[in-house]
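Let me begin by presenting the structure, written as structure tokens, before commenting on it.
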Amino acid sequence: MTNTEAPKGTSLAPYTVRDLAQVERQLNERPRRVLGDRTPAEAMRRWSRELAYR
């Protein structure tokens with residue numbers, strides 16, 4: 001989770017697994033400048049394809 005959803009030190013106990021999975025999905029679908037404006041999921045797929053062909 002990011003600090004906007006749950007500030008550092010906040011207990012995650014009130015959140016359900018579904019809540020946490022939704023936040024995870026949102027974070028993985030957010031493009032990142034450091035990844036060349038790809039999402040983490042896209043970068044991971046590309047990385048795994050490159051590894052498979054080595």
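Naming scheme: A, B, ... for chains in displayed order of the structure tokens; residues 1 onward per chain; ligands 1 onward as shown.
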Worksheet item: Any idea what's packed within 12 Å of segment 16-30 of chain A, counting only C-alpha atoms, ignoring anything in its chain fewer than 2 positions away? Could you give it as a list in words?
Response: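 Near neighbours after the sequence-gap exclusion: Met1, Thr2, Asn3, Thr4, Glu5, Ala6, Ser11, Leu12, Ala13, Pro14, Arg32, Arg33, Val34, Leu35, Gly36, Asp37, Arg38, Thr39, Pro40, Ala41, Glu42, Ala43, Met44 and Arg45 of chain A.
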Practice prompt. Could you pull out the residues in segment 2-51 of chain A that DSSP calls alpha helix (DSSP H) from the backbone, as a PyMOL selection string?
Written response: chain A and resi 17-28+40-51
